[in-house]
>>> print(open('start.txt').read())   # compact mmCIF, C-alpha atoms
# COMPACT_ATOMS: atom_id res chain seq x y z
CA MET A 1 122.33 103.03 94.72
CA ILE A 2 121.96 99.50 93.30
CA LYS A 3 119.22 99.43 90.70
CA VAL A 4 117.21 96.30 89.94
CA GLU A 5 115.16 96.50 86.76
CA ALA A 6 112.20 94.13 86.56
CA PHE A 7 110.41 93.64 83.22
CA PHE A 8 106.88 92.29 83.51
CA ASP A 9 103.49 91.68 81.92
CA CYS A 10 100.39 91.15 84.07
CA SER A 11 99.33 88.25 81.82
CA CYS A 12 101.78 85.93 83.59
CA VAL A 13 100.82 84.31 86.89
CA TRP A 14 104.52 84.00 87.77
CA VAL A 15 104.80 87.79 87.59
CA TYR A 16 101.96 88.02 90.13
CA LEU A 17 103.99 85.85 92.50
CA ALA A 18 107.24 87.67 91.70
CA PHE A 19 105.69 91.00 92.68
CA ALA A 20 105.31 89.63 96.21
CA HIS A 21 108.63 87.78 96.21
CA ALA A 22 110.64 90.80 94.99
CA GLU A 23 109.43 92.95 97.88
CA ARG A 24 112.17 91.32 99.96
CA LEU A 25 114.74 93.23 97.90
CA ARG A 26 113.48 96.48 99.39
CA SER A 27 114.85 95.45 102.78
CA ILE A 28 118.39 95.74 101.40
CA ALA A 29 119.90 99.17 101.95
CA ASP A 30 120.73 101.13 98.78
CA CYS A 31 118.56 98.90 96.57
CA GLU A 32 116.09 100.46 94.14
CA LEU A 33 113.56 98.13 92.50
CA ARG A 34 112.02 99.44 89.29
CA TRP A 35 109.24 97.53 87.55
CA ARG A 36 109.02 98.10 83.77
CA PRO A 37 105.95 97.07 81.73
CA VAL A 38 106.39 95.15 78.47
CA LEU A 39 104.14 93.28 76.05
CA ALA A 40 104.85 89.59 76.45
CA ARG A 41 102.88 88.85 73.29
CA GLU A 42 105.28 90.91 71.20
CA LEU A 43 108.27 89.49 73.02
CA PHE A 44 107.28 85.89 72.31
CA ALA A 45 106.34 86.67 68.71
CA ALA A 46 109.77 88.18 68.07
CA ILE A 47 111.58 85.19 69.57
CA SER A 48 109.43 82.37 68.22
CA PRO A 49 106.18 83.02 66.34
CA THR A 50 105.10 79.41 66.93
CA ALA A 51 105.95 79.29 70.63
CA GLY A 52 103.40 77.78 72.95
CA ARG A 53 103.15 75.75 76.11
CA SER A 54 105.21 72.64 75.53
CA GLY A 55 106.34 69.55 77.34
CA SER A 56 104.86 66.27 78.40
CA ALA A 57 101.77 65.94 80.57
CA ALA A 58 104.07 65.11 83.50
CA VAL A 59 106.04 68.34 82.95
CA ARG A 60 102.88 70.42 82.78
CA GLU A 61 101.46 68.80 85.89
CA GLN A 62 104.69 69.47 87.79
CA ALA A 63 104.58 73.10 86.65
CA ASP A 64 101.08 73.39 88.13
CA ARG A 65 102.27 71.84 91.40
CA ASP A 66 105.20 74.26 91.52
CA LEU A 67 102.83 77.16 90.97
CA LEU A 68 100.64 76.12 93.89
CA ALA A 69 103.68 75.51 96.10
CA TRP A 70 105.05 78.99 95.39
CA SER A 71 101.68 80.62 96.05
CA ARG A 72 101.55 78.93 99.46
CA TYR A 73 105.17 79.81 100.24
CA LEU A 74 104.61 83.48 99.40
CA GLN A 75 101.17 83.41 101.07
CA ARG A 76 99.46 84.76 97.96
CA PRO A 77 95.87 83.68 97.17
CA LEU A 78 95.53 82.05 93.79
CA PHE A 79 92.42 81.80 91.62
CA TYR A 80 93.72 79.55 88.89
CA ASP A 81 92.24 76.63 87.00
CA LYS A 82 94.83 75.13 84.67
CA LEU A 83 92.04 74.36 82.19
CA SER A 84 90.61 77.88 82.27
CA PRO A 85 92.99 80.56 83.66
CA PRO A 86 91.75 84.12 84.13
CA ARG A 87 91.76 86.27 81.01
CA THR A 88 94.77 88.56 80.95
CA ASP A 89 95.19 88.72 77.18
CA SER A 90 94.56 92.42 76.59
CA ASP A 91 97.24 94.93 75.72
CA THR A 92 95.10 97.57 77.41
CA CYS A 93 96.15 96.38 80.85
CA MET A 94 99.82 96.97 80.12
CA LEU A 95 99.14 100.30 78.42
CA ALA A 96 97.27 101.33 81.57
CA CYS A 97 100.27 100.29 83.69
CA VAL A 98 102.51 102.60 81.66
CA ALA A 99 99.96 105.40 81.90
CA ALA A 100 99.65 104.96 85.67
CA GLY A 101 103.36 105.65 85.93
CA ARG A 102 102.72 109.25 84.91
CA TRP A 103 101.02 109.66 88.31
CA ASN A 104 103.63 107.50 90.10
CA ARG A 105 101.04 104.75 90.53
CA MET A 106 102.36 102.16 88.10
CA GLU A 107 103.39 99.58 90.66
CA SER A 108 100.26 99.88 92.79
CA PHE A 109 98.04 99.71 89.71
CA ALA A 110 99.86 96.68 88.29
CA ARG A 111 99.59 94.92 91.64
CA ALA A 112 95.86 95.68 91.77
CA CYS A 113 95.41 94.26 88.26
CA MET A 114 97.24 91.04 89.07
CA GLU A 115 95.44 90.54 92.36
CA ALA A 116 92.14 91.07 90.52
CA ALA A 117 93.05 88.54 87.84
CA TRP A 118 95.06 85.91 89.67
CA ALA A 119 93.56 86.09 93.18
CA LYS A 120 89.93 86.92 92.33
CA GLY A 121 89.45 85.73 88.75
CA ARG A 122 88.33 89.10 87.37
CA ASP A 123 88.70 89.88 83.66
CA VAL A 124 91.36 92.57 83.39
CA ALA A 125 91.01 92.56 79.61
CA ASP A 126 87.78 94.48 80.24
CA ARG A 127 88.17 98.26 80.19
CA GLY A 128 85.44 98.69 82.77
CA VAL A 129 87.30 96.46 85.22
CA LEU A 130 90.56 98.28 84.50
CA ARG A 131 88.98 101.67 85.05
CA SER A 132 87.55 100.59 88.41
CA LEU A 133 91.00 99.35 89.48
CA TRP A 134 92.50 102.59 88.18
CA GLU A 135 90.21 104.59 90.44
CA GLU A 136 90.74 102.25 93.41
CA VAL A 137 94.46 103.11 93.50
CA GLY A 138 93.70 106.83 93.48
CA LEU A 139 94.02 107.64 89.78
CA PRO A 140 91.59 110.09 88.13
CA GLY A 141 88.87 108.10 86.40
CA ALA A 142 88.20 110.86 83.88
CA ALA A 143 91.76 110.56 82.60
CA PHE A 144 91.73 106.79 82.06
CA GLU A 145 90.72 106.55 78.39
CA ASP A 146 92.95 109.36 77.16
CA ALA A 147 95.92 108.19 79.24
CA VAL A 148 95.70 104.63 77.89
CA ASP A 149 95.33 105.80 74.28
CA TRP A 150 98.10 108.43 74.31
CA SER A 151 100.67 107.78 71.59
CA GLU A 152 103.38 108.38 74.21
CA THR A 153 101.96 105.51 76.27
CA ARG A 154 102.11 103.09 73.33
CA ASP A 155 105.60 104.29 72.41
CA GLU A 156 106.93 103.71 75.93
CA LEU A 157 105.48 100.22 76.16
CA ALA A 158 106.89 99.28 72.75
CA SER A 159 110.27 100.78 73.68
CA ASN A 160 110.44 98.75 76.89
CA SER A 161 109.66 95.56 74.96
CA ARG A 162 112.33 96.29 72.34
CA GLU A 163 114.87 97.09 75.04
CA LEU A 164 114.26 93.79 76.82
CA LEU A 165 114.77 91.92 73.53
CA SER A 166 117.94 93.89 72.76
CA ARG A 167 119.37 92.97 76.17
CA GLY A 168 118.80 89.27 75.59
CA GLY A 169 115.47 88.88 77.38
CA PHE A 170 113.19 86.09 76.27
CA GLY A 171 110.41 85.92 78.85
CA ILE A 172 108.85 87.40 81.95
CA PRO A 173 109.57 88.25 84.65
CA THR A 174 113.15 89.22 83.78
CA PHE A 175 115.43 91.01 86.23
CA PHE A 176 118.65 92.94 85.66
CA VAL A 177 121.23 93.84 88.28
CA GLY A 178 123.50 96.04 86.20
CA ASP A 179 124.13 94.02 83.05
CA ASP A 180 123.51 90.65 84.73
CA MET A 181 120.19 89.10 83.69
CA TYR A 182 118.04 86.76 85.78
CA PHE A 183 114.86 85.08 84.55
CA GLY A 184 111.80 84.00 86.47
CA ASN A 185 110.40 84.11 89.98
CA ASP A 186 112.73 81.23 90.91
CA ALA A 187 115.76 83.43 90.20
CA LEU A 188 114.89 86.04 92.82
CA PRO A 189 117.10 84.49 95.54
CA LEU A 190 120.00 84.90 93.09
CA VAL A 191 118.96 88.50 92.43
CA ARG A 192 118.92 89.13 96.17
CA ARG A 193 122.38 87.60 96.53
CA ALA A 194 123.75 89.73 93.69
CA VAL A 195 122.33 92.89 95.25
CA THR A 196 123.65 91.95 98.70
CA LEU A 197 127.16 91.37 97.34
CA LYS A 198 127.12 94.66 95.45
CA ALA A 199 125.91 96.50 98.57
CA LYS A 200 128.69 94.91 100.62
CA ALA A 201 131.29 95.94 98.03
CA MET A 202 129.98 99.50 98.07
CA ARG A 203 130.28 99.67 101.86
CA LEU A 204 133.87 98.38 101.73
CA ARG A 205 134.81 101.05 99.18
CA ALA A 206 133.20 103.84 101.20
>>> encode(input="start.txt", output="structure tokens")
Amino acid sequence: MIKVEAFFDCSCVWVYLAFAHAERLRSIADCELRWRPVLARELFAAISPTAGRSGSAAVREQADRDLLAWSRYLQRPLFYDKLSPPRTDSDTCMLACVAAGRWNRMESFARACMEAAWAKGRDVADRGVLRSLWEEVGLPGAAFEDAVDWSETRDELASNSRELLSRGGFGIPTFFVGDDMYFGNDALPLVRRAVTLKAKAMRLRA
């Protein structure tokens, strides 16, 4: 089995697009895609406490054009105003993603959160919104608060973030095929190629 690890934070619109883009990996035999929640805020703070959006106006405008082009290519609706993007600045969302994994609903819950934020403009920093999304994907509403606040949930999220840093990660989404690291939605064709080559090598050895 070829494992692809994908580190993500719902606060990034490129992760929203990568969730759709990465689905193509599942069509490759013997490929297992595993999404792993991290806290981008902690990641960026560890790398560069003063990091922020940089570049000239032309660079920023091109980045916005690229974003729209990718959303059309992947056929994903996008509710995004570059002057006022949806709020996705709460750690609670990512804690809830970790907690959802205890019911094997992490991926479906994360996708619901990103569609709510990036396709519909809902505030997924709000616990009420998160709880409604939690219930929509079949998770027990009564367990939401305790599951999010469990010390084990916080420990797992922090551990994932530290692991990504220790492996050389610097942003999201970040993908690993074995020890080979790939960064960003744009890198997914390279991830697919790496997985395809590994699958071919496995078949030849069989």
>>> atom_distance(input="start.txt", atom1="CA of Leu165 (chain A)", atom2="CA of Glu42 (chain A)")
9.8 Å
>>> closest_residue(input="start.txt", among="A:Gly101, A:Gly169, A:Gly128, A:Gly141", to="Arg36 (chain A)", atoms="all atoms listed in the file")
A:Gly101
>>> residues_near_point(input="start.txt", point="(98.2, 81.8, 88.8)", cutoff="7 Å", atoms="only C-alpha atoms", output="list of chain:residue names")
A:Val13, A:Trp14, A:Leu67, A:Leu78, A:Phe79, A:Tyr80, A:Trp118
>>> residues_around(input="start.txt", residues="region 151-162 of chain A", least_positions_apart="4", cutoff="12 Å", atoms="all atoms listed in the file", output="ChimeraX atom specification")
/A:5-9,35-47,91-102,144-147,166-172,174
>>> atom_distance(input="start.txt", atom1="CA of Ser71 (chain A)", atom2="CA of Cys31 (chain A)")
24.9 Å
>>> closest_residue(input="start.txt", among="A:Val4, A:Met106, A:Leu25, A:Val124", to="Pro189 (chain A)", atoms="only C-alpha atoms")
A:Leu25
>>> closest_residue(input="start.txt", among="A:Glu23, A:Asp30, A:Asp64, A:Glu163", to="Thr196 (chain A)", atoms="only C-alpha atoms")
A:Asp30
>>> closest_residue(input="start.txt", among="A:Ser108, A:Ser90, A:Ser132, A:Gln75", to="His21 (chain A)", atoms="all atoms listed in the file")
A:Gln75
>>> residues_around(input="start.txt", residues="region 27-29 of chain A", least_positions_apart="5", cutoff="12 Å", atoms="all atoms listed in the file", output="mmCIF file with C-alpha atoms, in the coordinates of the input")
data_model
loop_
_atom_site.group_PDB
_atom_site.id
_atom_site.type_symbol
_atom_site.label_atom_id
_atom_site.label_comp_id
_atom_site.auth_asym_id
_atom_site.auth_seq_id
_atom_site.Cartn_x
_atom_site.Cartn_y
_atom_site.Cartn_z
ATOM 1 C CA MET A 1 122.330 103.030 94.720
ATOM 2 C CA ILE A 2 121.960 99.500 93.300
ATOM 3 C CA LYS A 3 119.220 99.430 90.700
ATOM 4 C CA VAL A 4 117.210 96.300 89.940
ATOM 5 C CA HIS A 21 108.630 87.780 96.210
ATOM 6 C CA ALA A 22 110.640 90.800 94.990
ATOM 7 C CA VAL A 191 118.960 88.500 92.430
ATOM 8 C CA ARG A 192 118.920 89.130 96.170
ATOM 9 C CA ARG A 193 122.380 87.600 96.530
ATOM 10 C CA ALA A 194 123.750 89.730 93.690
ATOM 11 C CA VAL A 195 122.330 92.890 95.250
ATOM 12 C CA THR A 196 123.650 91.950 98.700
ATOM 13 C CA LEU A 197 127.160 91.370 97.340
ATOM 14 C CA LYS A 198 127.120 94.660 95.450
ATOM 15 C CA ALA A 199 125.910 96.500 98.570
ATOM 16 C CA LYS A 200 128.690 94.910 100.620
ATOM 17 C CA MET A 202 129.980 99.500 98.070
ATOM 18 C CA ARG A 203 130.280 99.670 101.860
#
>>> axis_aligned_box(input="start.txt", around="region 113-132 of chain A", padding_each_side="5 Å", output="JSON")
{"center_x": 91.3, "center_y": 93.7, "center_z": 86.4, "size_x": 21.8, "size_y": 25.9, "size_z": 23.6}
>>> atom_distance(input="start.txt", atom1="CA of Leu74 (chain A)", atom2="CA of Arg34 (chain A)")
20.3 Å
>>> closest_residue(input="start.txt", among="A:Gly138, A:Pro173, A:Gly184, A:Gly178", to="Ala112 (chain A)", atoms="only C-alpha atoms")
A:Gly138
>>> closest_residue(input="start.txt", among="A:Arg76, A:Val177, A:Ala69, A:Val148", to="Arg127 (chain A)", atoms="all atoms listed in the file")
A:Val148
